[in-house]
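Notes follow the structure.
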Amino acid sequence: LGEWGGALMRCGAGGIQSGRVTLAGPAQRVPWLDIRRIATFPGPRLHGTWFASLSLGGDPRGRRPQHTASRNRRPQQARAQPSGGDPPLTPASAPAAVPMDSSTQPAPATGGDPAEAPADPELPRLTVTQVEQMKVEARVADIYRVLFGAAPNTKSIMLELWRDQHIEYLTHGLRHLGPAFHVLDANRPWLCYWMVHPLTLLDEVLDDDLEDDIVDFLARCQDKDGGYGGGPGQLPHLATTYAAVNTLVTIGSERALSSINRDNLYKFMLRMKDESGAFRMHDGGEIDVRASYTAISVASLVNILDVELAKGVGDFIARCQTYEGGIAGEPYAEAHGGYTFCGLAALILLNEAEKLDLPSLIDWVAFRQGVECGFQGRTNKLVDGCYSFWQGAAIALTQKLVMIIDGQLKSLYCCKKPSEEDACGTSSSGCTSEKSSSAVDYAKFGFDFTQRSNQVGPLFHNIALQQYILLCAQITTTSVKQVLEGGLRDKPGKNRDHYHSCYCLSGLSVSQYSAMIDSESCPLPQHVLGPYSNLLEPIHPLYNVVLDKYHTAHEFFSKE
Amino acid sequence: MEHAKSGPGSWPELADVVPVPQDDGPSPVVPIAYRDDFREVMDYFRALYFAGERSPRALRLTAEAIELNPGNYTVWHFRRLILEALDSDLLEEMNFVEKIAECNPKNYQIWHHKRWLAEKLGPDVANKEHEFTMKILAIDAKNYHAWSHRQWVLQALGGWESELQYCNQLLEEDVFNNSAWNQRYLVITRSPILGGLTAMRDSEVDYTIEAILANPQNESPWRYLKGLYKGENNLLVADERISDVCLKILKTDWSCVFALSLLLDLLRLGLQPSDELKAILEPIRNSDPEMADADLATAVCCILQKCDPLRINYWSWYKTTLSSQIS
């Protein structure tokens with residue numbers, strides 16, 4: 001057993017006081033929203049974090065946050081309705097759940113709220129970004145304020161993962177989906193994955209009948225020429241193929257795994273390959289980093305990844321890394337959490353992670369964790385629970401790439417030219433320049449990765465992330481009555497959905513296990529926020545399937 | 001079976017078509033309780049799709065299906081095949097897609113269809129496409145699909161002339177709009193009209209620094225500033241304006257994380273800190289013995305560990321990489 005506790009866990013407490021805010025139309029000036037964040041380190045300007053180090057058992061260090069003092073009226077705007085008319089269901093842009101924001105933030109609040117104080121002409125107006133951010137911070141602050149003010153026992157209850165409720169929500173969806181779900185009619189393998197995977201994280205076993213029916217359904221989604229479509233009779237698509245295969249691997253039975261027609265799947269993938277080396281999502285479909293990831297992930301998982309599929313992908317993905325450090329969907333687009341995970345994971349599976357500027361990537365991802373404690377998808381955008389996985393797993397992957405990172409840092413910062421030796425040291429498996437494609441055994445990279453230990457501790461705040469997931473992504477209203485609803489969500493004010501349930505819980509698992517040296521080890525209590533029963537099953541972070549299930553599949557598909 | 005009032009079942013042109021129900025099997029999972037009108041349209045769609053019929057009536061049917069579920073990429077794909085087979089008026093098709101895009105601005109399939117159309121129609125539609133993405137961005141200035149499309153149109157079909165000005169405008173409206181900063185980077189580096197990064201760097205540094213000084217807590221310009229010197233670390237260290245802005249910010253707010261972080265990068269790259277800079281950090285360093293003894297880069301890292309507690313793990317690791325560099 002090993003872990004990085006102690007020094008890495010020394011985090012200050014935070015608390016907030018909300019000042020008044022008036023939001024006005026474009027012409028007016030507004031007073032600043034005054035959020036004072038109290039941190040343990042004294043100084044002129046305090047950058048605290050809304051976080052209480054509960055797992056260490058004590059009270060947060062430093063000053064306790066004041067509860068809503070009478071002089072600080074709640075910002076009016078914080079009580080506003082969630083922006084826009086959110087649909088009853090927030091479907092990920094079909095059919096690739098992966099990276100798109102499900103947040104629907106429309107135009108800024110214009111006009112609207114009565115001023116609580118006369119507008120001060122000296123102060124600058126707030127931009128849309130600032131206004132939207134403040135709204136979210138206010139909601140999150142309301143939740144965390146209750147946490148900080150609570151007694152230790154209450155705190156523990158508040159931080160509980162509502163397993164039974166989530167299991168009920170997810171299980172129900174497997175057999176019943178209302179008419180509003182017609183917008184996901186081309187994403188049904190995703191729906192399977194978004195339910196089956198988190199159920200497995202929660203260590204829930206499905207009925208045999210249900211498992212059989214899922215296998216049968218996915219078999220109907222399988223195209224006779226390879227790949228899986230979004231529903232029976234639909235065109236095969238890489239994202240739905242990914243979802244279907246991951247679901248079948250999660251079910252893990254011989255029946256499930258043997259239902260995958262690997263020969264045709266390979267041919268399908270080859271057809272989806274573009275001259276650039278990248279993949280199209282479907283026949284005549286769009287090319288982006290998601291396609292590269294879904295293809296490589298599936299190919300690796302079912303052991304059909306070869307040089308023909310692999311060639312050119314790594315270079316395409318490398319071109320998608322932006323000046324910010326994160327990875328975009330296409331070259332020159334904006335760095336984005338979903339694509340960052342996809343790009344990095346795909347490259348690791350190809351053993352070409354050194355093609356990225358990893359220090360730059362890590363820096364970008366690390367800064368995507370905000371004061372709300374969760375992750376945002378892009379710079380200056382809003383926190384969203386699903387990025388708990390996309391960003392959390394991305395940065396967790398880098399914990400096993402320290403050799404490459406050190407090599408890259410060396411050549412970046414050292415005056416002397418890297419020697420031949422150094423250059424070889426930058427690759428995870430020997431000299432890049434000497435890699436001959438025909439000698440590469442792609443099958444083993446996914447497996448070898450699990451055998452590697454974490455060479456450093458988590459580079460993000462794993463406990464803070466858990467705090468966000470448990471308190472903000474779970475649906476608990478602590479106002480008049482305690483409402484516990486199964487399913488998880490993007491952020492307070494949004495509705496739950498299966499996609500967020502899947503990725504919030506995947507992110508929770510990643511953070512729980514991130515402090516362990518060995519991916520198979522059981523996390524210590526101080527790594528698990530809330531009661532220890534919150535602990536989920538570990539995943540294989542490259543594929544996002546439960547680790548045990550990965551091993552079963554790996555064994556199955558290795559038999560040649 | 002009951003037909004929806006004006007559904008395909010009542011279309012005379014489809015009278016000979018036998019609708020094909022979805023094959024969900026005897027014991028469905030993730031079953032969607034389709035409304036009758038939806039089911040009907042999709043049953044007729046399947047009939048024509050499986051038959052491979054590329055006709056005007058098939059085209060009309062795809063329009064119905066798309067309206068009900070614009071996320072159905074199979075329908076879009078089939079529609080494209082029909083459009084090609086019928087050699088349809090693609091400009092008219094553009095109008096069709098634009099209407100749907102306005103109501104579904106975050107749908108992959110719609111934007112992909114627009115790209116497919118624009119590619120076929122060529123540079124003549126560049127302006128139209130730019131007008132359209134501008135419209136979408138006016139509603140949501142960070143719509144990822146809109147930006148991707150806009151970038152593709154610029155690179156494939158042109159229209160660069162007013163793009164930098166557009167970025168200026170967006171940044172004036174919201175200097176925190178990272179998508180606009182990202183677009184700016186594209187324009188600076190790839191516009192055939194401007195001189196490329198090297199030529200534009202100087203004025204961009206000034207522009208960016210101005211933005212930083214106005215809002216030191218805005219992460220976007222800090223990253224953009226570093227981006228301007230990507231791959232040119234020597235130039236970054238040598239440009240006095242860079243260390244100056246760190247100094248300026250730290251003078252009024254020594255705990256500004258972005259300033260400290262950039263300073264750390266500079267120190268690591270060999271920046272010789274000015275006396276003024278050292279003076280600002282002196283009192284903070286002396287408050288902690290660990291910092292007082294360490295070199296400046298390590299000291300700055302320690303400060304960050306305290307000022308940026310959310311990233312304590314990151315800065316702690318960062319510090320270890322400094323030690324190996326020093327040794």
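Every chain in the structure tokens takes a letter, A first, then B, and so on in the order presented; its residues are numbered from 1, and the ligands are numbered from 1 following the presented order.
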
Within 9 Å of Gln183 in chain B using only C-alpha atoms, minus same-chain residues under 6 positions, as a VMD selection string: (chain A and resid 332 to 334) or (chain B and resid 147 151 163 to 164 167)

In range 171-284 of chain A, DSSP helix (DSSP H, G or I) residues written as a ChimeraX atom specification: /A:171-175,179-184,188-201,208-221,238-251,254-258,262-272

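For the choices B:Gly270, B:Pro283, B:Pro12, B:Pro289, the atom-to-atom distance to chain A is smallest for B:Gly270 when using only C-alpha atoms.
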
Nearest to Ile136 in chain B by atom-to-atom distance, counting only C-alpha atoms, from B:Pro105, B:Val29, B:Glu161, B:Ile110: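 Of all the options, B:Pro105 lies closest to Ile136 in chain B.
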